[in-house]
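Listing of entry-v6.cif, mmCIF, C-alpha atoms
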```cif
data_work
#
loop_
_atom_site.label_atom_id
_atom_site.label_comp_id
_atom_site.auth_asym_id
_atom_site.auth_seq_id
_atom_site.Cartn_x
_atom_site.Cartn_y
_atom_site.Cartn_z
CA MET D 1 -58.19 18.36 -55.03
CA LEU D 2 -58.11 17.41 -51.35
CA TYR D 3 -61.22 19.31 -50.26
CA THR D 4 -64.56 19.98 -51.87
CA PRO D 5 -64.65 23.70 -52.87
CA PRO D 6 -66.54 25.22 -49.90
CA ILE D 7 -64.22 23.39 -47.50
CA ALA D 8 -61.15 24.44 -49.50
CA ARG D 9 -62.30 28.04 -49.28
CA LEU D 10 -62.90 27.79 -45.53
CA VAL D 11 -59.45 26.24 -44.96
CA GLU D 12 -57.87 29.01 -47.04
CA GLU D 13 -59.67 31.80 -45.17
CA LEU D 14 -58.80 30.29 -41.78
CA SER D 15 -55.13 29.90 -42.76
CA LYS D 16 -54.93 33.69 -43.23
CA LEU D 17 -55.40 34.19 -39.48
CA PRO D 18 -52.21 35.00 -37.53
CA GLY D 19 -50.51 31.89 -36.14
CA VAL D 20 -52.80 29.56 -38.08
CA GLY D 21 -50.98 27.28 -40.54
CA GLN D 22 -52.42 24.81 -43.01
CA LYS D 23 -52.83 22.01 -40.46
CA THR D 24 -54.52 24.18 -37.87
CA ALA D 25 -56.78 25.70 -40.54
CA GLN D 26 -57.86 22.19 -41.55
CA ARG D 27 -58.54 21.22 -37.94
CA LEU D 28 -60.59 24.37 -37.39
CA ALA D 29 -62.51 23.89 -40.65
CA PHE D 30 -63.48 20.29 -39.84
CA HIS D 31 -64.43 21.44 -36.34
CA LEU D 32 -66.72 24.11 -37.80
CA LEU D 33 -68.33 21.47 -40.02
CA LYS D 34 -68.86 19.08 -37.11
CA ILE D 35 -70.44 21.36 -34.51
CA PRO D 36 -74.16 22.28 -34.71
CA GLY D 37 -74.89 24.66 -37.57
CA GLU D 38 -76.08 27.44 -35.27
CA GLU D 39 -72.77 27.42 -33.36
CA ALA D 40 -70.76 27.89 -36.55
CA ARG D 41 -73.20 30.56 -37.68
CA SER D 42 -72.78 32.26 -34.31
CA LEU D 43 -69.06 32.70 -34.93
CA ALA D 44 -69.71 34.05 -38.44
CA ASP D 45 -72.28 36.47 -37.03
CA ALA D 46 -69.90 37.62 -34.31
CA ILE D 47 -67.29 38.50 -36.95
CA ILE D 48 -69.83 40.39 -39.06
CA GLU D 49 -71.36 42.15 -36.04
CA ALA D 50 -67.97 43.23 -34.72
CA ARG D 51 -67.05 44.72 -38.09
CA GLU D 52 -70.37 46.47 -38.48
CA ARG D 53 -70.80 47.85 -34.98
CA VAL D 54 -67.28 48.55 -33.78
CA THR D 55 -66.06 52.10 -34.51
CA PHE D 56 -63.16 54.21 -33.28
CA CYS D 57 -63.57 56.51 -30.30
CA SER D 58 -63.39 60.08 -31.59
CA ARG D 59 -61.36 61.17 -28.57
CA CYS D 60 -58.88 58.38 -27.81
CA PHE D 61 -59.11 56.12 -30.92
CA ASN D 62 -59.81 53.01 -28.88
CA PHE D 63 -62.44 50.65 -30.32
CA ALA D 64 -65.91 51.89 -29.45
CA GLN D 65 -69.58 51.49 -30.18
CA GLY D 66 -70.70 54.91 -31.30
CA GLU D 67 -68.95 58.23 -30.72
CA LEU D 68 -66.95 57.57 -27.55
CA CYS D 69 -65.41 54.41 -26.07
CA ASP D 70 -66.45 52.94 -22.72
CA TYR D 71 -63.52 54.57 -20.90
CA CYS D 72 -64.06 58.04 -22.32
CA MET D 73 -67.75 57.80 -21.38
CA ASP D 74 -66.98 56.77 -17.80
CA SER D 75 -67.29 59.91 -15.66
CA ARG D 76 -65.57 58.21 -12.70
CA ARG D 77 -62.26 58.14 -14.58
CA ASP D 78 -59.74 60.97 -14.32
CA PRO D 79 -59.57 62.79 -17.70
CA THR D 80 -56.46 64.74 -16.69
CA LEU D 81 -54.36 61.55 -16.60
CA VAL D 82 -53.82 59.95 -20.02
CA CYS D 83 -52.04 56.69 -20.80
CA VAL D 84 -50.68 56.60 -24.36
CA VAL D 85 -50.54 53.14 -25.99
CA GLU D 86 -49.75 51.82 -29.44
CA ARG D 87 -52.81 49.62 -30.02
CA PRO D 88 -56.28 49.04 -28.53
CA GLN D 89 -55.23 45.64 -27.15
CA ASP D 90 -52.59 47.40 -25.03
CA ILE D 91 -55.47 49.07 -23.18
CA VAL D 92 -56.78 45.62 -22.22
CA ALA D 93 -53.34 44.80 -20.75
CA VAL D 94 -53.24 48.03 -18.71
CA GLU D 95 -56.84 47.56 -17.51
CA ARG D 96 -56.01 44.06 -16.29
CA THR D 97 -53.57 45.56 -13.78
CA GLY D 98 -56.42 47.44 -12.07
CA GLU D 99 -53.85 50.17 -11.33
CA PHE D 100 -55.01 52.88 -13.72
CA ARG D 101 -58.10 55.07 -13.47
CA GLY D 102 -57.33 57.69 -16.11
CA LEU D 103 -58.14 57.76 -19.81
CA TYR D 104 -56.25 56.39 -22.82
CA HIS D 105 -54.92 57.54 -26.16
CA VAL D 106 -54.25 55.02 -28.91
CA LEU D 107 -51.51 56.17 -31.28
CA GLY D 108 -52.18 53.46 -33.85
CA GLY D 109 -48.59 52.18 -33.79
CA ALA D 110 -45.10 53.52 -33.07
CA ILE D 111 -42.64 55.60 -35.06
CA SER D 112 -40.81 53.22 -37.40
CA PRO D 113 -39.12 54.83 -40.42
CA ILE D 114 -38.25 51.37 -41.82
CA ASP D 115 -42.00 50.58 -42.03
CA GLY D 116 -42.79 54.04 -43.36
CA ILE D 117 -44.49 55.09 -40.14
CA GLY D 118 -43.64 58.67 -39.21
CA PRO D 119 -45.23 60.88 -36.52
CA GLU D 120 -47.88 62.08 -38.99
CA GLU D 121 -49.16 58.50 -39.42
CA LEU D 122 -49.92 58.33 -35.68
CA LYS D 123 -52.57 60.13 -33.64
CA ILE D 124 -49.99 62.52 -32.14
CA ARG D 125 -51.56 65.76 -33.34
CA GLU D 126 -54.82 64.63 -31.75
CA LEU D 127 -53.00 63.88 -28.47
CA LEU D 128 -51.54 67.39 -28.34
CA GLU D 129 -55.00 68.81 -28.99
CA ARG D 130 -56.39 66.81 -26.06
CA VAL D 131 -53.61 68.12 -23.82
CA ARG D 132 -54.50 71.71 -24.75
CA LYS D 133 -58.27 71.28 -24.52
CA ASP D 134 -58.84 68.83 -21.64
CA GLY D 135 -56.38 70.22 -19.10
CA VAL D 136 -54.30 67.01 -19.04
CA ARG D 137 -51.73 67.08 -16.25
CA GLU D 138 -49.84 63.84 -16.89
CA ILE D 139 -49.21 61.66 -19.91
CA ILE D 140 -47.96 58.14 -19.17
CA VAL D 141 -46.26 56.86 -22.30
CA ALA D 142 -46.92 53.10 -22.35
CA THR D 143 -45.62 52.30 -25.83
CA ASN D 144 -43.82 48.95 -26.07
CA PRO D 145 -40.26 48.89 -24.64
CA ARG D 146 -38.70 48.24 -28.08
CA VAL D 147 -36.72 50.56 -30.34
CA GLU D 148 -39.86 51.96 -32.03
CA GLY D 149 -41.77 52.42 -28.79
CA GLU D 150 -38.79 54.10 -27.11
CA ALA D 151 -38.28 56.45 -30.06
CA THR D 152 -41.96 57.35 -29.94
CA ALA D 153 -41.75 57.99 -26.18
CA ILE D 154 -38.79 60.36 -26.59
CA TYR D 155 -40.50 62.12 -29.50
CA LEU D 156 -43.66 62.61 -27.43
CA ALA D 157 -41.74 63.85 -24.37
CA ASP D 158 -40.07 66.55 -26.50
CA LEU D 159 -43.47 67.74 -27.72
CA LEU D 160 -45.20 67.54 -24.35
CA LYS D 161 -42.67 69.32 -22.11
CA PRO D 162 -43.13 72.78 -23.72
CA LEU D 163 -46.87 72.40 -23.04
CA GLY D 164 -46.20 72.18 -19.31
CA VAL D 165 -47.59 68.66 -19.01
CA ARG D 166 -45.78 65.95 -17.06
CA ALA D 167 -44.64 63.14 -19.36
CA THR D 168 -43.75 59.79 -17.74
CA ARG D 169 -42.67 56.42 -19.08
CA ILE D 170 -43.64 52.98 -17.75
CA ALA D 171 -40.70 51.28 -16.04
CA SER D 172 -38.51 48.66 -17.70
CA GLY D 173 -36.99 45.98 -15.53
CA LEU D 174 -37.15 42.35 -14.55
CA PRO D 175 -40.57 40.73 -14.86
CA VAL D 176 -42.05 39.67 -11.51
CA GLY D 177 -41.14 36.02 -10.97
CA GLY D 178 -38.16 36.49 -13.30
CA ASP D 179 -34.59 35.41 -12.73
CA LEU D 180 -31.47 37.59 -12.73
CA GLU D 181 -29.51 34.71 -14.24
CA TYR D 182 -31.65 34.67 -17.35
CA ALA D 183 -32.31 38.42 -17.71
CA ASP D 184 -30.75 40.05 -20.76
CA GLU D 185 -28.19 42.76 -19.95
CA VAL D 186 -30.24 45.65 -21.35
CA THR D 187 -33.25 44.78 -19.18
CA LEU D 188 -31.10 44.26 -16.09
CA GLY D 189 -29.28 47.52 -16.84
CA ARG D 190 -32.64 49.28 -16.94
CA ALA D 191 -33.69 47.63 -13.71
CA LEU D 192 -30.56 48.98 -12.01
CA LYS D 193 -30.99 52.49 -13.40
CA GLY D 194 -34.63 52.56 -12.43
CA ARG D 195 -34.05 51.29 -8.89
CA LEU D 196 -36.41 52.52 -6.19
CA ASP D 197 -35.83 53.28 -2.49
CA LEU D 198 -36.94 50.56 -0.11
CA MET Y 1 -65.65 45.20 -18.71
CA LEU Y 2 -62.50 44.80 -20.73
CA TYR Y 3 -64.07 44.78 -24.20
CA THR Y 4 -66.97 46.63 -25.76
CA PRO Y 5 -69.86 44.12 -26.27
CA PRO Y 6 -69.37 43.17 -29.96
CA ILE Y 7 -65.65 42.56 -29.30
CA ALA Y 8 -66.44 40.59 -26.14
CA ARG Y 9 -68.81 38.41 -28.13
CA LEU Y 10 -66.24 37.86 -30.88
CA VAL Y 11 -63.53 36.91 -28.35
CA GLU Y 12 -65.95 34.49 -26.69
CA GLU Y 13 -66.94 32.84 -29.97
CA LEU Y 14 -63.33 32.50 -31.08
CA SER Y 15 -62.30 31.00 -27.74
CA LYS Y 16 -64.71 28.11 -28.39
CA LEU Y 17 -62.50 26.91 -31.26
CA PRO Y 18 -60.27 23.92 -30.44
CA GLY Y 19 -56.82 24.93 -29.25
CA VAL Y 20 -57.82 28.59 -28.96
CA GLY Y 21 -57.53 30.01 -25.45
CA GLN Y 22 -58.48 33.44 -24.16
CA LYS Y 23 -55.22 35.09 -25.26
CA THR Y 24 -55.31 33.65 -28.77
CA ALA Y 25 -58.98 34.53 -29.10
CA GLN Y 26 -58.15 38.13 -28.22
CA ARG Y 27 -55.29 38.24 -30.73
CA LEU Y 28 -57.54 36.82 -33.46
CA ALA Y 29 -60.38 39.23 -32.59
CA PHE Y 30 -58.14 42.30 -32.79
CA HIS Y 31 -56.68 40.96 -36.03
CA LEU Y 32 -60.19 40.63 -37.48
CA LEU Y 33 -60.92 44.22 -36.46
CA LYS Y 34 -57.70 45.52 -38.00
CA ILE Y 35 -57.80 43.91 -41.45
CA PRO Y 36 -59.96 45.40 -44.23
CA GLY Y 37 -63.67 44.81 -43.63
CA GLU Y 38 -64.08 42.69 -46.74
CA GLU Y 39 -61.36 40.26 -45.60
CA ALA Y 40 -63.11 39.68 -42.27
CA ARG Y 41 -66.41 39.36 -44.07
CA SER Y 42 -64.82 36.81 -46.41
CA LEU Y 43 -63.99 34.53 -43.47
CA ALA Y 44 -67.53 34.87 -42.09
CA ASP Y 45 -68.96 34.08 -45.52
CA ALA Y 46 -66.71 31.03 -45.90
CA ILE Y 47 -68.02 29.64 -42.61
CA ILE Y 48 -71.64 30.23 -43.61
CA GLU Y 49 -71.11 28.89 -47.14
CA ALA Y 50 -69.41 25.74 -45.87
CA ARG Y 51 -72.28 25.05 -43.49
CA GLU Y 52 -74.91 25.72 -46.14
CA ARG Y 53 -73.35 23.89 -49.07
CA VAL Y 54 -71.48 20.98 -47.54
CA THR Y 55 -73.51 17.78 -47.23
CA PHE Y 56 -72.67 14.16 -46.53
CA CYS Y 57 -72.01 11.76 -49.41
CA SER Y 58 -74.90 9.28 -49.48
CA ARG Y 59 -72.52 6.44 -50.29
CA CYS Y 60 -69.40 6.93 -48.18
CA PHE Y 61 -70.43 9.70 -45.71
CA ASN Y 62 -67.48 11.90 -46.61
CA PHE Y 63 -68.22 15.63 -46.88
CA ALA Y 64 -69.73 16.40 -50.27
CA GLN Y 65 -71.52 18.99 -52.29
CA GLY Y 66 -74.73 17.35 -53.37
CA GLU Y 67 -75.48 13.62 -53.48
CA LEU Y 68 -72.01 12.08 -53.88
CA CYS Y 69 -68.54 13.21 -52.80
CA ASP Y 70 -65.74 13.98 -55.25
CA TYR Y 71 -64.17 10.54 -54.79
CA CYS Y 72 -67.39 8.59 -55.28
CA MET Y 73 -68.07 10.59 -58.46
CA ASP Y 74 -64.61 9.94 -59.86
CA SER Y 75 -64.99 7.08 -62.37
CA ARG Y 76 -61.21 6.55 -62.52
CA ARG Y 77 -61.17 5.26 -58.95
CA ASP Y 78 -61.56 1.57 -58.13
CA PRO Y 79 -64.96 1.02 -56.43
CA THR Y 80 -64.05 -2.55 -55.39
CA LEU Y 81 -61.34 -1.31 -53.02
CA VAL Y 82 -62.65 0.59 -50.00
CA CYS Y 83 -60.62 2.32 -47.29
CA VAL Y 84 -62.56 2.65 -44.02
CA VAL Y 85 -61.71 5.68 -41.88
CA GLU Y 86 -63.12 7.24 -38.72
CA ARG Y 87 -63.50 10.86 -39.88
CA PRO Y 88 -63.53 12.84 -43.14
CA GLN Y 89 -60.19 14.47 -42.28
CA ASP Y 90 -58.59 11.00 -42.28
CA ILE Y 91 -59.39 10.83 -46.00
CA VAL Y 92 -57.28 13.95 -46.53
CA ALA Y 93 -54.38 12.20 -44.78
CA VAL Y 94 -54.70 9.06 -46.96
CA GLU Y 95 -55.04 11.14 -50.14
CA ARG Y 96 -51.84 13.02 -49.33
CA THR Y 97 -49.89 9.75 -49.63
CA GLY Y 98 -50.91 9.43 -53.28
CA GLU Y 99 -50.88 5.65 -52.73
CA PHE Y 100 -54.59 4.92 -52.81
CA ARG Y 101 -56.94 4.93 -55.80
CA GLY Y 102 -59.99 3.22 -54.33
CA LEU Y 103 -63.00 4.69 -52.57
CA TYR Y 104 -63.61 5.53 -48.93
CA HIS Y 105 -66.10 4.85 -46.17
CA VAL Y 106 -66.39 7.20 -43.19
CA LEU Y 107 -67.62 5.44 -40.04
CA GLY Y 108 -68.18 8.66 -38.10
CA GLY Y 109 -65.96 7.54 -35.21
CA ALA Y 110 -64.79 4.32 -33.59
CA ILE Y 111 -66.38 1.89 -31.16
CA SER Y 112 -65.95 3.31 -27.68
CA PRO Y 113 -68.34 2.01 -25.00
CA ILE Y 114 -67.02 4.56 -22.52
CA ASP Y 115 -68.25 7.36 -24.79
CA GLY Y 116 -71.48 5.52 -25.52
CA ILE Y 117 -70.46 4.77 -29.12
CA GLY Y 118 -71.47 1.27 -30.14
CA PRO Y 119 -71.47 -0.28 -33.64
CA GLU Y 120 -75.01 1.03 -34.29
CA GLU Y 121 -73.79 4.65 -33.89
CA LEU Y 122 -71.35 4.12 -36.75
CA LYS Y 123 -71.96 3.64 -40.47
CA ILE Y 124 -71.22 -0.07 -40.29
CA ARG Y 125 -74.57 -1.34 -41.60
CA GLU Y 126 -74.11 0.95 -44.61
CA LEU Y 127 -70.61 -0.46 -45.16
CA LEU Y 128 -71.91 -4.03 -45.23
CA GLU Y 129 -74.59 -2.97 -47.70
CA ARG Y 130 -71.94 -1.48 -49.98
CA VAL Y 131 -69.95 -4.71 -49.80
CA ARG Y 132 -72.98 -6.70 -50.91
CA LYS Y 133 -74.12 -4.26 -53.59
CA ASP Y 134 -70.91 -2.91 -55.14
CA GLY Y 135 -68.87 -6.11 -55.38
CA VAL Y 136 -66.17 -4.83 -53.02
CA ARG Y 137 -63.16 -7.18 -52.98
CA GLU Y 138 -61.00 -5.57 -50.28
CA ILE Y 139 -61.67 -3.37 -47.27
CA ILE Y 140 -58.64 -1.59 -45.83
CA VAL Y 141 -59.44 -0.68 -42.25
CA ALA Y 142 -57.61 2.61 -41.59
CA THR Y 143 -59.11 3.48 -38.21
CA ASN Y 144 -56.65 5.10 -35.80
CA PRO Y 145 -54.16 2.68 -34.15
CA ARG Y 146 -55.60 3.29 -30.69
CA VAL Y 147 -57.73 1.04 -28.49
CA GLU Y 148 -61.01 2.22 -30.06
CA GLY Y 149 -59.73 2.03 -33.63
CA GLU Y 150 -58.27 -1.44 -33.04
CA ALA Y 151 -61.51 -2.70 -31.49
CA THR Y 152 -63.43 -1.33 -34.46
CA ALA Y 153 -61.04 -3.02 -36.89
CA ILE Y 154 -61.46 -6.41 -35.20
CA TYR Y 155 -65.23 -5.97 -35.10
CA LEU Y 156 -65.31 -5.14 -38.81
CA ALA Y 157 -63.05 -8.06 -39.75
CA ASP Y 158 -65.45 -10.46 -37.98
CA LEU Y 159 -68.36 -9.10 -39.98
CA LEU Y 160 -66.55 -8.93 -43.31
CA LYS Y 161 -64.93 -12.37 -43.44
CA PRO Y 162 -68.24 -14.30 -43.76
CA LEU Y 163 -69.05 -12.07 -46.73
CA GLY Y 164 -65.98 -13.36 -48.57
CA VAL Y 165 -64.34 -9.95 -48.73
CA ARG Y 166 -60.68 -9.46 -47.90
CA ALA Y 167 -60.24 -7.27 -44.79
CA THR Y 168 -56.83 -5.67 -44.21
CA ARG Y 169 -55.43 -3.32 -41.61
CA ILE Y 170 -52.91 -0.52 -42.14
CA ALA Y 171 -49.53 -1.37 -40.63
CA SER Y 172 -48.36 -0.13 -37.27
CA GLY Y 173 -44.66 0.41 -36.74
CA LEU Y 174 -41.97 3.04 -36.41
CA PRO Y 175 -42.65 6.32 -38.20
CA VAL Y 176 -40.26 7.01 -41.07
CA GLY Y 177 -37.41 9.14 -39.70
CA GLY Y 178 -38.15 7.75 -36.23
CA ASP Y 179 -35.69 6.38 -33.74
CA LEU Y 180 -35.66 2.91 -32.11
CA GLU Y 181 -34.30 4.46 -28.93
CA TYR Y 182 -37.38 6.61 -28.49
CA ALA Y 183 -40.01 4.20 -29.79
CA ASP Y 184 -42.52 2.93 -27.23
CA GLU Y 185 -42.44 -0.83 -26.69
CA VAL Y 186 -45.91 -1.48 -28.11
CA THR Y 187 -45.08 0.26 -31.37
CA LEU Y 188 -41.69 -1.45 -31.66
CA GLY Y 189 -43.35 -4.79 -30.85
CA ARG Y 190 -45.78 -4.21 -33.70
CA ALA Y 191 -42.95 -3.26 -36.02
CA LEU Y 192 -41.23 -6.58 -35.23
CA LYS Y 193 -44.38 -8.65 -35.68
CA GLY Y 194 -45.22 -6.89 -38.93
CA ARG Y 195 -41.70 -7.29 -40.37
CA LEU Y 196 -41.44 -7.68 -44.14
CA ASP Y 197 -39.00 -9.67 -46.27
CA LEU Y 198 -36.15 -7.61 -47.77
#
```

Whole structure, structure tokens version:
Amino acid sequence: MLYTPPIARLVEELSKLPGVGQKTAQRLAFHLLKIPGEEARSLADAIIEARERVTFCSRCFNFAQGELCDYCMDSRRDPTLVCVVERPQDIVAVERTGEFRGLYHVLGGAISPIDGIGPEELKIRELLERVRKDGVREIIVATNPRVEGEATAIYLADLLKPLGVRATRIASGLPVGGDLEYADEVTLGRALKGRLDL
Amino acid sequence: MLYTPPIARLVEELSKLPGVGQKTAQRLAFHLLKIPGEEARSLADAIIEARERVTFCSRCFNFAQGELCDYCMDSRRDPTLVCVVERPQDIVAVERTGEFRGLYHVLGGAISPIDGIGPEELKIRELLERVRKDGVREIIVATNPRVEGEATAIYLADLLKPLGVRATRIASGLPVGGDLEYADEVTLGRALKGRLDL
């Protein structure tokens, strides 16, 4: 018995976090025991509060407080332009660019038969409903550029075209600051195909 | 505003943990929102429980539940052999070796004038009291082999010798599996000085 029971429990709970092994869990646990009690309590409260107060937006399925998320409630954003992402954290990444002023739609993942995720497990039906109801003119499919995300993008494009809505896909290519020498051939191939006029 | 307030608060609290930057804090926060509510709650409870139930051992200042820690309560351990460490987590490291069956004494740090830590900030007076009261025959000083830990070890040895107690220091040398080629000269010098007969 290396730890007294409450510490053992804390180490175990911390080690369940992604990317946190036994050593890191121990370091975090001893840190939480060392800092002032109210600081540790503050973290515990933040976890509880987030779980109690955070809901899903009824329109786009982003995290929200209440019925609609902050983006869906923002009247300055263009509701006819919708960016489709896999997860809520992908919205944070898109927002950081400062390049997008439309709304979002969180699918809740990507089509992946091997993981048992088919189209009916994702919020695709709800997306099509939005397109019909809200007069959406363009859907930017920003699923991850992996097999599952690509398959989802193609699946969505097939459903969206008959509805007369423009479906676009974020570009694949070399990351800014990247190096041709170290680029994999698929990415470089995409960069060539997706070349733009200067 | 990238996150809705309860998520922003959770990300901020998580980013205060050691070794957790903004990106990791975000990943952990979204993980805690994704897992079942009771699992997130379980982590919060473990933090609160640890802070409420964990005390300091009145004899050795290790973490404890109640008056004495698990080691001080264990009658099979030798109370005349005391290993002095800087922090409670150092006890875990010593215990993992399986080589020590005595008791411990946690100083709460090491002498470091630059950080304003003098002997009176550490549990040194309490250690000397234990030596007098409990008939301690050997003190193994297992402070970290850095400047502060070494200074603390020398300071302790000076205090302990007049009391007729044997004071020893854990060995410094090459780590097992290490390489002479990559050893720093101070460590290799110590390994030479501390050589043992074969």

Inset, instruction - Write out as a list of chain:residue names each polymer residue whose atoms come within 12 Å of Lys161 (chain D), counting all atoms listed in the file; drop sequence neighbours fewer than 4 positions from it. - result: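 The filter keeps D:Leu128, D:Val131, D:Arg137, D:Glu138, D:Ile139, D:Ile154, D:Tyr155, D:Leu156, D:Ala157, D:Val165, D:Arg166, D:Ala167, D:Thr168.
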
Counting all atoms listed in the file, which residues in chain D sit no more than 8 Å from chain Y? For each one, give the nearest pair of atoms and the distance in Å, sorted by chain then residue number, as CSV.
```
residue,atom,partner,partner_atom,distance
D:Leu2,CA,Y:Val92,CA,6.0
D:Tyr3,CA,Y:Val92,CA,7.6
D:Thr4,CA,Y:Ala64,CA,6.5
D:Pro6,CA,Y:Ala50,CA,5.0
D:Ile7,CA,Y:Ala50,CA,5.9
D:Arg9,CA,Y:Ala46,CA,6.3
D:Leu10,CA,Y:Ala46,CA,5.0
D:Glu13,CA,Y:Leu43,CA,5.4
D:Leu14,CA,Y:Leu43,CA,6.9
D:Leu17,CA,Y:Leu28,CA,6.9
D:Pro18,CA,Y:Leu28,CA,6.9
D:Leu28,CA,Y:Leu17,CA,6.9
D:Phe30,CA,Y:Gln89,CA,7.1
D:His31,CA,Y:Pro18,CA,7.6
D:Leu32,CA,Y:Ile47,CA,7.4
D:Leu33,CA,Y:Arg51,CA,6.4
D:Gly37,CA,Y:Arg51,CA,6.5
D:Ala40,CA,Y:Ile47,CA,6.9
D:Arg41,CA,Y:Ile48,CA,6.1
D:Ser42,CA,Y:Glu13,CA,7.3
D:Leu43,CA,Y:Glu13,CA,5.4
D:Ala44,CA,Y:Ala44,CA,4.3
D:Asp45,CA,Y:Ala44,CA,7.1
D:Ala46,CA,Y:Leu10,CA,5.0
D:Ile47,CA,Y:Leu10,CA,6.2
D:Ile48,CA,Y:Arg41,CA,6.2
D:Glu49,CA,Y:Pro6,CA,6.5
D:Ala50,CA,Y:Pro6,CA,5.0
D:Arg51,CA,Y:Leu33,CA,6.4
D:Arg53,CA,Y:Pro6,CA,7.0
D:Val54,CA,Y:Pro6,CA,6.9
D:Phe63,CA,Y:Thr4,CA,7.6
D:Ala64,CA,Y:Thr4,CA,6.5
D:Gln65,CA,Y:Thr4,CA,7.1
D:Cys69,CA,Y:Thr4,CA,7.9
D:Asp70,CA,Y:Thr4,CA,7.0
D:Gln89,CA,Y:Phe30,CA,7.2
D:Val92,CA,Y:Leu2,CA,6.0
D:Glu95,CA,Y:Leu2,CA,7.1
D:Arg96,CA,Y:Leu2,CA,7.9
```

Legend entry - Length of the CA of Lys193 (chain Y) to CA of Glu181 (chain Y) vector [Å]: 17.9 Å

Inset, instruction - Would you mind telling me which residue in D:Ala25, D:Phe61, D:Ser75, D:Gly98 lies nearest to Ile124 (chain D) when using only C-alpha atoms? - result: D:Phe61

Inset, instruction - Would you list the contacts of Gly194 (chain D) as a list in words, taking every protein, DNA or RNA residue within 10 Å and counting only C-alpha atoms, but skipping same-chain residues closer than 2 positions in sequence? - result: Ala171, Ser172, Gly173, Leu188, Gly189, Arg190, Ala191, Leu192 and Leu196 of chain D

Box for region 3-20 of chain D: with edges along x, y and z, all listed atoms inside and 3 Å added on each side, what are the centre and edge lengths in Å to one decimal, as AutoDock Vina command-line options?
```
--center_x -58.5 --center_y 27.2 --center_z -44.5 --size_x 22.0 --size_y 21.7 --size_z 22.7
```
